[in-house]
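Text of data-v4.cif (mmCIF, C-alpha atoms and all ligand atoms) as supplied:
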data_start
#
loop_
_atom_site.label_atom_id
_atom_site.label_comp_id
_atom_site.auth_asym_id
_atom_site.auth_seq_id
_atom_site.Cartn_x
_atom_site.Cartn_y
_atom_site.Cartn_z
CA MET A 1 -24.81 4.39 -13.33
CA LYS A 2 -21.90 6.65 -12.47
CA ILE A 3 -19.80 5.32 -9.63
CA LEU A 4 -17.05 7.93 -9.81
CA GLU A 5 -17.48 11.41 -11.17
CA ILE A 6 -14.58 13.78 -11.65
CA GLN A 7 -15.51 17.38 -12.22
CA ASP A 8 -13.17 20.09 -13.39
CA LEU A 9 -10.09 18.64 -11.72
CA ASN A 10 -6.90 20.69 -11.68
CA VAL A 11 -3.62 19.56 -10.14
CA LYS A 12 -0.66 21.87 -9.94
CA PHE A 13 2.77 21.16 -8.41
CA THR A 14 5.04 23.87 -7.10
CA THR A 15 8.66 22.97 -7.78
CA PRO A 16 11.96 24.84 -7.49
CA ILE A 17 11.98 25.34 -11.28
CA GLY A 18 8.41 26.58 -11.51
CA GLU A 19 4.82 25.47 -11.46
CA VAL A 20 3.83 22.22 -13.14
CA TYR A 21 0.23 22.11 -14.39
CA ALA A 22 -0.06 18.33 -14.36
CA VAL A 23 -3.85 18.05 -14.85
CA ASN A 24 -6.11 20.77 -16.24
CA ASN A 25 -9.92 20.94 -16.17
CA ALA A 26 -10.34 17.19 -16.29
CA SER A 27 -13.93 15.93 -16.18
CA PHE A 28 -15.02 12.35 -16.68
CA SER A 29 -16.99 9.62 -15.03
CA LEU A 30 -16.53 5.93 -14.44
CA ASN A 31 -19.67 3.83 -14.68
CA ALA A 32 -20.55 0.77 -12.65
CA ASN A 33 -19.04 -2.41 -14.16
CA GLU A 34 -17.16 -0.38 -16.74
CA THR A 35 -13.53 -0.61 -17.81
CA LEU A 36 -12.28 2.83 -18.70
CA ALA A 37 -8.82 3.20 -20.22
CA LEU A 38 -6.74 6.31 -19.58
CA VAL A 39 -4.17 6.57 -22.34
CA GLY A 40 -1.41 9.01 -23.23
CA GLU A 41 2.33 9.52 -23.59
CA THR A 42 4.67 9.55 -20.63
CA GLY A 43 4.28 12.58 -18.37
CA CYS A 44 0.78 13.53 -19.60
CA GLY A 45 -0.75 13.21 -16.12
CA LYS A 46 -2.21 9.71 -15.93
CA SER A 47 -0.66 8.68 -12.61
CA VAL A 48 -1.39 12.10 -11.13
CA ILE A 49 -5.10 11.55 -11.84
CA ALA A 50 -4.94 8.10 -10.22
CA ASN A 51 -3.11 9.37 -7.16
CA THR A 52 -5.48 12.32 -6.82
CA ILE A 53 -8.50 10.00 -6.75
CA ILE A 54 -7.04 8.06 -3.84
CA ARG A 55 -5.55 11.23 -2.34
CA LEU A 56 -1.96 10.09 -2.26
CA LEU A 57 -0.26 13.17 -3.67
CA PRO A 58 2.78 14.88 -2.16
CA GLN A 59 2.60 18.12 -0.17
CA ASN A 60 3.59 20.32 -3.12
CA ALA A 61 0.34 19.48 -4.95
CA GLU A 62 -2.52 21.96 -5.16
CA ILE A 63 -5.83 20.40 -6.12
CA SER A 64 -9.15 21.91 -7.15
CA GLY A 65 -12.38 20.38 -8.45
CA ASN A 66 -14.60 17.57 -7.24
CA ILE A 67 -14.27 13.81 -7.18
CA PHE A 68 -17.57 12.19 -6.26
CA TYR A 69 -17.56 8.55 -5.23
CA LYS A 70 -21.07 7.22 -4.66
CA GLY A 71 -22.16 10.78 -4.01
CA ASN A 72 -19.39 11.71 -1.51
CA ASN A 73 -16.67 14.16 -2.48
CA LEU A 74 -13.37 12.34 -1.92
CA LEU A 75 -11.49 15.63 -1.88
CA LYS A 76 -13.53 16.75 1.14
CA MET A 77 -13.43 13.53 3.15
CA SER A 78 -11.55 13.37 6.44
CA ASP A 79 -8.23 11.53 6.31
CA ARG A 80 -9.73 8.71 8.32
CA GLU A 81 -12.72 8.25 6.03
CA MET A 82 -10.42 8.43 3.03
CA GLU A 83 -8.17 5.78 4.45
CA LYS A 84 -11.15 3.50 4.94
CA THR A 85 -12.31 4.16 1.38
CA ARG A 86 -8.82 3.37 0.11
CA GLN A 87 -8.69 0.11 2.01
CA GLN A 88 -12.15 -1.16 1.22
CA GLU A 89 -13.73 0.62 -1.73
CA ILE A 90 -11.12 1.86 -4.19
CA ALA A 91 -8.12 -0.38 -4.70
CA ILE A 92 -5.06 0.73 -6.62
CA ILE A 93 -2.35 -1.31 -8.24
CA PHE A 94 0.73 0.88 -8.56
CA GLN A 95 3.11 1.07 -11.49
CA ASN A 96 5.86 -1.10 -10.00
CA PRO A 97 4.74 -4.49 -8.63
CA THR A 98 8.01 -5.37 -6.95
CA LEU A 99 8.09 -2.09 -5.03
CA SER A 100 4.44 -2.41 -4.02
CA LEU A 101 4.84 -5.75 -2.30
CA ASN A 102 6.56 -6.11 1.04
CA PRO A 103 9.76 -8.13 0.43
CA LEU A 104 9.74 -9.48 4.00
CA TYR A 105 6.26 -10.99 4.02
CA LYS A 106 5.13 -14.20 2.41
CA ILE A 107 2.71 -13.88 -0.52
CA GLY A 108 -0.07 -15.71 1.35
CA ASP A 109 0.19 -13.36 4.33
CA GLN A 110 0.12 -10.26 2.13
CA ILE A 111 -3.06 -11.38 0.41
CA SER A 112 -4.84 -12.54 3.55
CA GLU A 113 -3.91 -9.55 5.72
CA PRO A 114 -6.71 -7.22 4.50
CA LEU A 115 -9.20 -10.03 5.15
CA LEU A 116 -7.99 -10.54 8.71
CA VAL A 117 -8.02 -6.81 9.43
CA HIS A 118 -11.35 -5.90 7.85
CA LYS A 119 -13.48 -9.04 7.78
CA LYS A 120 -14.40 -10.97 10.86
CA ILE A 121 -12.90 -14.24 9.74
CA ASN A 122 -10.19 -16.48 11.15
CA LYS A 123 -6.79 -17.25 9.69
CA LYS A 124 -7.88 -20.53 8.18
CA GLU A 125 -10.82 -18.99 6.36
CA ALA A 126 -8.65 -16.11 5.18
CA PHE A 127 -6.12 -18.57 3.76
CA THR A 128 -8.82 -20.57 2.01
CA LYS A 129 -10.03 -17.36 0.36
CA THR A 130 -6.43 -16.39 -0.48
CA LYS A 131 -5.83 -19.66 -2.26
CA LYS A 132 -9.09 -19.34 -4.14
CA LEU A 133 -8.07 -15.87 -5.30
CA LEU A 134 -4.65 -17.06 -6.38
CA LYS A 135 -6.27 -19.85 -8.36
CA THR A 136 -8.59 -17.39 -10.09
CA MET A 137 -5.55 -15.29 -10.93
CA GLY A 138 -3.95 -18.17 -12.79
CA PHE A 139 -1.83 -19.86 -10.09
CA GLN A 140 -2.55 -23.53 -10.77
CA ASN A 141 -1.13 -24.74 -7.47
CA PRO A 142 -1.77 -21.93 -4.95
CA SER A 143 -0.48 -23.83 -1.90
CA LYS A 144 2.95 -23.84 -3.48
CA PHE A 145 3.03 -20.04 -3.68
CA THR A 146 1.48 -18.85 -0.41
CA GLY A 147 4.70 -19.59 1.49
CA MET A 148 6.96 -17.80 -1.01
CA TYR A 149 8.41 -14.31 -0.89
CA PRO A 150 8.01 -11.75 -3.71
CA HIS A 151 11.64 -12.17 -4.85
CA GLN A 152 10.95 -15.84 -5.56
CA LEU A 153 8.28 -14.92 -8.11
CA SER A 154 8.59 -13.39 -11.58
CA GLY A 155 7.45 -9.81 -12.29
CA GLY A 156 4.33 -11.13 -14.00
CA MET A 157 3.46 -13.37 -11.06
CA ASN A 158 3.95 -10.50 -8.63
CA GLN A 159 1.64 -8.41 -10.77
CA ARG A 160 -0.99 -11.13 -10.43
CA VAL A 161 -0.40 -11.25 -6.67
CA LEU A 162 -1.08 -7.50 -6.55
CA LEU A 163 -4.23 -8.04 -8.53
CA SER A 164 -5.28 -10.69 -5.99
CA ILE A 165 -4.60 -8.31 -3.10
CA SER A 166 -6.67 -5.60 -4.78
CA LEU A 167 -9.59 -8.03 -5.05
CA THR A 168 -9.62 -9.37 -1.49
CA LEU A 169 -12.15 -6.91 -0.11
CA ASN A 170 -14.33 -6.74 -3.23
CA PRO A 171 -13.68 -3.08 -3.98
CA SER A 172 -16.12 -1.11 -6.15
CA ILE A 173 -13.26 0.38 -8.13
CA ILE A 174 -9.87 -0.95 -9.12
CA ILE A 175 -7.33 1.49 -10.49
CA ALA A 176 -4.50 -0.25 -12.32
CA ASP A 177 -1.58 2.02 -13.19
CA GLU A 178 0.39 0.52 -16.10
CA PRO A 179 -0.13 -3.09 -14.99
CA THR A 180 1.87 -4.41 -17.93
CA LYS A 181 4.81 -2.01 -17.91
CA GLY A 182 8.17 -3.71 -18.25
CA LEU A 183 6.70 -7.18 -18.78
CA ASP A 184 7.52 -9.21 -21.86
CA ASN A 185 4.82 -9.99 -24.41
CA GLU A 186 3.87 -13.37 -23.06
CA LEU A 187 3.35 -11.99 -19.55
CA VAL A 188 1.40 -9.07 -20.94
CA ARG A 189 -0.98 -11.61 -22.49
CA ASP A 190 -1.32 -13.36 -19.12
CA ILE A 191 -2.13 -10.11 -17.34
CA ILE A 192 -4.71 -9.20 -19.99
CA GLU A 193 -6.37 -12.57 -19.46
CA GLU A 194 -6.37 -12.06 -15.68
CA PHE A 195 -8.03 -8.69 -16.09
CA LYS A 196 -10.66 -10.28 -18.29
CA THR A 197 -11.26 -12.81 -15.51
CA VAL A 198 -11.55 -9.97 -12.99
CA ASN A 199 -14.11 -8.25 -15.20
CA LYS A 200 -16.13 -11.44 -15.38
CA ILE A 201 -16.08 -12.47 -11.73
CA ASN A 202 -16.09 -9.12 -10.01
CA ASN A 203 -18.68 -6.42 -10.24
CA SER A 204 -16.08 -3.72 -9.86
CA SER A 205 -15.25 -0.93 -12.27
CA LEU A 206 -11.74 -0.66 -13.62
CA LEU A 207 -9.75 2.45 -14.40
CA LEU A 208 -6.97 1.08 -16.54
CA ILE A 209 -3.99 3.35 -17.06
CA THR A 210 -1.77 2.44 -19.95
CA HIS A 211 0.26 3.98 -22.73
CA ASP A 212 -0.52 0.92 -24.84
CA LEU A 213 -3.54 1.35 -27.11
CA SER A 214 -3.72 -2.32 -28.01
CA ILE A 215 -4.30 -3.19 -24.33
CA ALA A 216 -6.94 -0.48 -24.08
CA ARG A 217 -8.65 -1.94 -27.15
CA GLU A 218 -8.78 -5.40 -25.69
CA LEU A 219 -10.02 -4.50 -22.23
CA SER A 220 -11.86 -1.22 -22.17
CA ASP A 221 -15.39 -0.05 -22.88
CA ARG A 222 -14.38 3.58 -23.30
CA ILE A 223 -11.08 5.38 -23.84
CA ILE A 224 -9.83 8.69 -22.51
CA ILE A 225 -6.91 10.24 -24.36
CA MET A 226 -4.72 12.70 -22.47
CA TYR A 227 -2.17 15.07 -23.88
CA SER A 228 0.05 17.19 -21.70
CA GLY A 229 -2.31 17.43 -18.73
CA ASP A 230 -5.47 17.82 -20.83
CA ILE A 231 -8.15 15.29 -21.66
CA VAL A 232 -8.45 15.64 -25.44
CA GLU A 233 -10.90 12.86 -26.24
CA ILE A 234 -13.38 10.51 -24.54
CA THR A 235 -15.03 7.93 -26.80
CA LYS A 236 -16.38 4.40 -26.83
CA THR A 237 -13.47 2.06 -27.54
CA GLU A 238 -15.08 0.55 -30.61
CA SER A 239 -15.74 3.92 -32.12
CA PHE A 240 -12.25 5.16 -31.24
CA PHE A 241 -10.58 2.49 -33.33
CA LYS A 242 -12.90 3.10 -36.29
CA ASN A 243 -12.98 6.85 -36.13
CA PRO A 244 -10.69 8.65 -33.67
CA LEU A 245 -11.74 12.26 -33.30
CA HIS A 246 -8.80 14.34 -32.09
CA PRO A 247 -5.84 14.88 -34.48
CA TYR A 248 -3.55 13.59 -31.71
CA SER A 249 -5.67 10.44 -31.36
CA LYS A 250 -5.30 9.78 -35.09
CA ILE A 251 -1.53 10.10 -34.81
CA LEU A 252 -1.47 7.82 -31.75
CA LEU A 253 -3.47 5.18 -33.61
CA ASN A 254 -1.04 5.27 -36.53
CA SER A 255 1.75 4.40 -34.12
CA LEU A 256 0.25 0.92 -33.65
CA PRO A 257 2.36 -1.77 -35.36
CA GLU A 258 -0.55 -2.96 -37.53
CA ARG A 259 -1.02 0.57 -38.83
CA GLY A 260 2.53 1.02 -39.97
CA PHE A 261 4.16 1.98 -36.67
CA ASN A 262 4.44 5.71 -37.33
CA PRO A 263 5.21 7.16 -33.91
CA PRO A 264 4.10 10.74 -33.32
CA LYS A 265 6.64 13.27 -34.57
CA GLY A 266 7.99 15.87 -32.15
CA ASN A 267 7.81 15.81 -28.37
CA SER A 268 5.13 16.53 -25.82
CA PRO A 269 5.57 20.06 -24.54
CA SER A 270 7.63 20.58 -21.41
CA MET A 271 5.32 20.92 -18.41
CA VAL A 272 6.84 24.20 -17.28
CA ASN A 273 6.85 25.92 -20.66
CA ILE A 274 3.47 25.07 -22.13
CA PRO A 275 2.32 26.37 -25.51
CA LYS A 276 -0.59 28.82 -25.44
CA GLY A 277 -3.96 27.68 -26.80
CA CYS A 278 -4.29 24.01 -27.68
CA LYS A 279 -1.19 22.29 -26.33
CA PHE A 280 -1.07 20.03 -29.35
CA HIS A 281 -1.11 22.83 -31.94
CA PRO A 282 2.67 22.91 -32.61
CA ARG A 283 2.44 19.25 -33.75
CA CYS A 284 -1.00 19.43 -35.37
CA PRO A 285 -1.44 19.07 -39.13
CA HIS A 286 -4.84 20.86 -38.98
CA LYS A 287 -3.96 23.89 -36.88
CA LYS A 288 -5.83 27.15 -37.41
CA LYS A 289 -5.12 30.61 -36.05
CA ILE A 290 -7.37 30.22 -33.02
CA CYS A 291 -5.56 27.02 -31.94
CA SER A 292 -2.48 28.96 -30.82
CA GLU A 293 -4.56 31.62 -29.07
CA LYS A 294 -7.22 29.97 -26.91
CA THR A 295 -7.51 26.56 -25.26
CA PRO A 296 -10.35 24.75 -27.02
CA PRO A 297 -13.27 23.66 -24.84
CA ILE A 298 -14.62 20.11 -24.91
CA TYR A 299 -17.19 19.62 -27.68
CA SER A 300 -19.71 16.81 -27.19
CA ILE A 301 -20.70 15.20 -30.46
CA ASP A 302 -22.50 11.92 -31.23
CA GLU A 303 -19.31 9.86 -31.22
CA GLY A 304 -17.90 11.29 -28.01
CA ASP A 305 -16.23 14.29 -26.37
CA VAL A 306 -13.31 16.06 -28.02
CA ARG A 307 -11.21 19.11 -27.20
CA CYS A 308 -10.56 20.50 -30.68
CA TYR A 309 -11.78 23.45 -32.77
CA LEU A 310 -12.33 21.15 -35.75
CA PHE A 311 -15.54 20.13 -33.97
CA GLN A 312 -16.76 23.66 -33.19
N1 LIG A 401 5.46 15.39 -7.05
C1 LIG A 401 5.60 16.04 -8.21
N2 LIG A 401 6.21 17.25 -8.25
C2 LIG A 401 6.32 17.92 -9.42
N3 LIG A 401 5.89 17.45 -10.60
C3 LIG A 401 5.30 16.24 -10.61
C4 LIG A 401 5.12 15.47 -9.43
N4 LIG A 401 4.51 14.30 -9.74
C5 LIG A 401 4.29 14.35 -11.09
N5 LIG A 401 4.78 15.51 -11.60
C6 LIG A 401 4.72 15.93 -13.01
O1 LIG A 401 3.39 15.83 -13.45
C7 LIG A 401 3.35 15.40 -14.81
C8 LIG A 401 2.47 14.19 -14.94
O2 LIG A 401 3.10 13.08 -14.31
P1 LIG A 401 2.49 11.63 -14.29
O3 LIG A 401 3.33 10.83 -13.39
O4 LIG A 401 1.03 11.71 -13.99
O5 LIG A 401 2.68 11.14 -15.80
P2 LIG A 401 2.18 9.78 -16.45
O6 LIG A 401 1.20 10.13 -17.52
O7 LIG A 401 1.73 8.85 -15.39
O8 LIG A 401 3.52 9.25 -17.14
P3 LIG A 401 4.11 7.75 -17.25
O9 LIG A 401 3.44 7.15 -18.47
O10 LIG A 401 5.56 7.96 -17.48
O11 LIG A 401 3.81 7.03 -15.99
C9 LIG A 401 4.80 15.16 -15.22
O12 LIG A 401 5.28 16.29 -15.90
C10 LIG A 401 5.51 14.99 -13.91
O13 LIG A 401 6.85 15.40 -14.01
MG MG A 402 2.41 7.08 -14.65
#
Here is the file; what I need is its structure written in the form of structure tokens.
Ligand SMILES: Nc1ncnc2c1ncn2[C@@H]1O[C@H](COP(=O)(O)OP(=O)(O)OP(=O)(O)O)[C@@H](O)[C@H]1O
Ligand SMILES: [Mg+2]
Amino acid sequence: MKILEIQDLNVKFTTPIGEVYAVNNASFSLNANETLALVGETGCGKSVIANTIIRLLPQNAEISGNIFYKGNNLLKMSDREMEKTRQQEIAIIFQNPTLSLNPLYKIGDQISEPLLVHKKINKKEAFTKTKKLLKTMGFQNPSKFTGMYPHQLSGGMNQRVLLSISLTLNPSIIIADEPTKGLDNELVRDIIEEFKTVNKINNSSLLLITHDLSIARELSDRIIIMYSGDIVEITKTESFFKNPLHPYSKILLNSLPERGFNPPKGNSPSMVNIPKGCKFHPRCPHKKKICSEKTPPIYSIDEGDVRCYLFQ
């Protein structure tokens, strides 16, 4: 069952140096109980998609398309309804854990606040639930941490606190934007384990944004690959690692350490001076004449969806 359906989404920013086409004709859905990974190089539009879903984009953004959540178009909701949805239905964990937490409030208060505001329970019950959540998120002795401030915890612990906050109201969707960025390998492992726990105990769907394919492999059911504002491939994770479809996906896979660590050659195009046709064609080993002339549509084949003329 589809819980979130994004149809033909376009996001454009007007800036003093020109227009930035951050997301173009993006269509995808998130199913109930599914973990969907959104993967791509820096600047390809991953966070813009996340922030569009929860409608937290700056004034210079122009948005078109539809984002249906349980049948309601989020882009058409009133600000008040949207705020309610953001608080109770779709939780987001932003890229930087330390900036997302309030430095002046104790961890326990930050986790229990949404419960006190939105659920009719008293402080004691809220704290019991807070400690239970912290325990689930790998804090062996939760009582020790509820009275601490974010600066007293490591980056990895703060990330797990954010995860706990996102779970307090049992949201239907959790969006995690680069939850492992800047953490060392051991902490990355911890966070992966916590997400696995979340998947097990919670019935929510997860949109996991990462530039790290190995994390996507471990956690996701399906993978979306983005390149320069375009979705270029959507496939089941298992199939992606056996048989990636798009030429860019193949190159991305070869950049994994176990496949020889061959990072993609060349750079993603600048967002204000985009190549005509397929944006990947200047770097593509299979390019044909049409690739530099016309943007390829998405082709749906057995293995998945792919934006490439090789599948015409
Ligand atoms: N407020 C804005 N005004 C103008 N351009 C913006 C704005 N926000 C994002 N962009 C541009 O939109 C594009 C996509 O940005 P986005 O933050 O979604 O990338 P990303 O895929 O999340 O990258 P990263 O992996 O580094 O987080 C970039 O070119 C970025 O510069
Ligand atoms: Mg980002």
Residues of chain A that approach ligand LIG 401 (chain A) to 9 Å or less, counting only C-alpha atoms and all ligand atoms: could you list each one with the shortest pair of atoms and its distance in Å to one decimal, rows by chain and increasing residue number, as CSV?
residue,atom,partner,partner_atom,distance
A:Val11,CA,A:LIG401,O1,8.6
A:Lys12,CA,A:LIG401,N3,7.9
A:Phe13,CA,A:LIG401,C2,4.9
A:Thr14,CA,A:LIG401,C2,6.5
A:Thr15,CA,A:LIG401,C2,5.8
A:Glu19,CA,A:LIG401,C2,8.0
A:Val20,CA,A:LIG401,N3,5.8
A:Tyr21,CA,A:LIG401,O1,7.1
A:Ala22,CA,A:LIG401,O1,4.4
A:Val23,CA,A:LIG401,C8,7.4
A:Val39,CA,A:LIG401,O6,8.0
A:Gly40,CA,A:LIG401,O6,6.4
A:Glu41,CA,A:LIG401,O9,5.8
A:Thr42,CA,A:LIG401,O9,3.5
A:Gly43,CA,A:LIG401,O5,3.4
A:Cys44,CA,A:LIG401,O6,4.0
A:Gly45,CA,A:LIG401,O4,3.2
A:Lys46,CA,A:LIG401,O6,3.8
A:Ser47,CA,A:LIG401,O7,3.7
A:Val48,CA,A:LIG401,O4,3.8
A:Ile49,CA,A:LIG401,O4,6.5
A:Ala50,CA,A:LIG401,O4,7.9
A:Asn51,CA,A:LIG401,O4,8.3
A:Leu57,CA,A:LIG401,N1,7.0
A:Pro58,CA,A:LIG401,N1,5.6
A:Gln59,CA,A:LIG401,N1,7.9
A:Asn60,CA,A:LIG401,N2,6.5
A:Ala61,CA,A:LIG401,N1,6.9
A:Gln95,CA,A:LIG401,O11,7.5
A:Asp177,CA,A:LIG401,O11,7.9
A:Glu178,CA,A:LIG401,O11,7.4
A:Ile209,CA,A:LIG401,O7,8.1
A:Thr210,CA,A:LIG401,O9,7.2
A:His211,CA,A:LIG401,O9,6.2
A:Met226,CA,A:LIG401,O6,8.1
A:Tyr227,CA,A:LIG401,O6,8.7
A:Ser228,CA,A:LIG401,C8,7.8
A:Gly229,CA,A:LIG401,C8,6.9
A:Ser270,CA,A:LIG401,O12,7.4
A:Met271,CA,A:LIG401,O12,5.3
A:Val272,CA,A:LIG401,O12,8.2
statement: In Å and to one decimal, atom CA of A:Ile111 is distant from atom CA of A:Leu4 by 25.9 Å
Atom-to-atom span, atom CA of A:Gln110 and atom MG of ligand MG 402 (chain A), Å: 24.2 Å
Closest of A:Asn25, A:Thr130, A:Ser268, A:Ser292 to A:Leu169 - atom-to-atom distances counting all atoms listed in the file: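 Result for the nearest residue to A:Leu169: A:Thr130.
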statement: atom CA of A:Val117 sits from atom CA of A:Leu163 at a separation of 18.4 Å
Nearby residues (all atoms listed in the file) at most 12 Å from A:Ser143, same-chain spacing under 6 positions excluded, as a PDB file with C-alpha atoms, in the frame of the given file:
ATOM      1  CA  LYS A 106       5.130 -14.200   2.410  1.00  0.00           C
ATOM      2  CA  ILE A 107       2.710 -13.880  -0.520  1.00  0.00           C
ATOM      3  CA  GLY A 108      -0.070 -15.710   1.350  1.00  0.00           C
ATOM      4  CA  PHE A 127      -6.120 -18.570   3.760  1.00  0.00           C
ATOM      5  CA  THR A 128      -8.820 -20.570   2.010  1.00  0.00           C
ATOM      6  CA  LYS A 129     -10.030 -17.360   0.360  1.00  0.00           C
ATOM      7  CA  THR A 130      -6.430 -16.390  -0.480  1.00  0.00           C
ATOM      8  CA  LYS A 131      -5.830 -19.660  -2.260  1.00  0.00           C
ATOM      9  CA  LYS A 132      -9.090 -19.340  -4.140  1.00  0.00           C
ATOM     10  CA  LEU A 133      -8.070 -15.870  -5.300  1.00  0.00           C
ATOM     11  CA  LEU A 134      -4.650 -17.060  -6.380  1.00  0.00           C
ATOM     12  CA  LYS A 135      -6.270 -19.850  -8.360  1.00  0.00           C
TER      13      LYS A 135
END
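If you measure from each of A:Phe139, A:Phe68, A:Phe280, A:Tyr149 to A:Tyr248 using all atoms listed in the file, the closest one turns out to be A:Phe280.
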query: Which residue out of A:Leu115, A:Leu252, A:Leu208, A:Met1 has the minimum interatomic distance to ligand MG 402 (chain A) when all atoms listed in the file are used?
result: A:Leu208
- prompt: Which of these, A:Gly304, A:Gly156, A:Pro247, A:Pro150, has the shortest distance to A:Arg283 once you count only C-alpha atoms?
  reply: A:Pro247
- request: Name the closest residue to ligand MG 402 (chain A) among the candidates A:Ile175, A:Glu62, A:Lys120, A:Ala32; distances are taken between atoms, counting all atoms listed in the file.
  value: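 When distances to ligand MG 402 (chain A) are compared using all atoms listed in the file, the smallest one comes from A:Ile175.
Non-sequential neighbours of A:Cys278 (distance at most 9 Å, separation of 2 or more positions within a chain, all atoms listed in the file) are Pro275, Lys276, Phe280, His281, Pro282, Ile290, Cys291, Ser292, Glu293, Lys294, Thr295, Pro296, Arg307 and Cys308 of chain A.
Taking all atoms listed in the file into account, ligand MG 402 (chain A) lies nearest to A:Ala176 out of the set A:Ile54, A:Ile192, A:Met77, A:Ala176.
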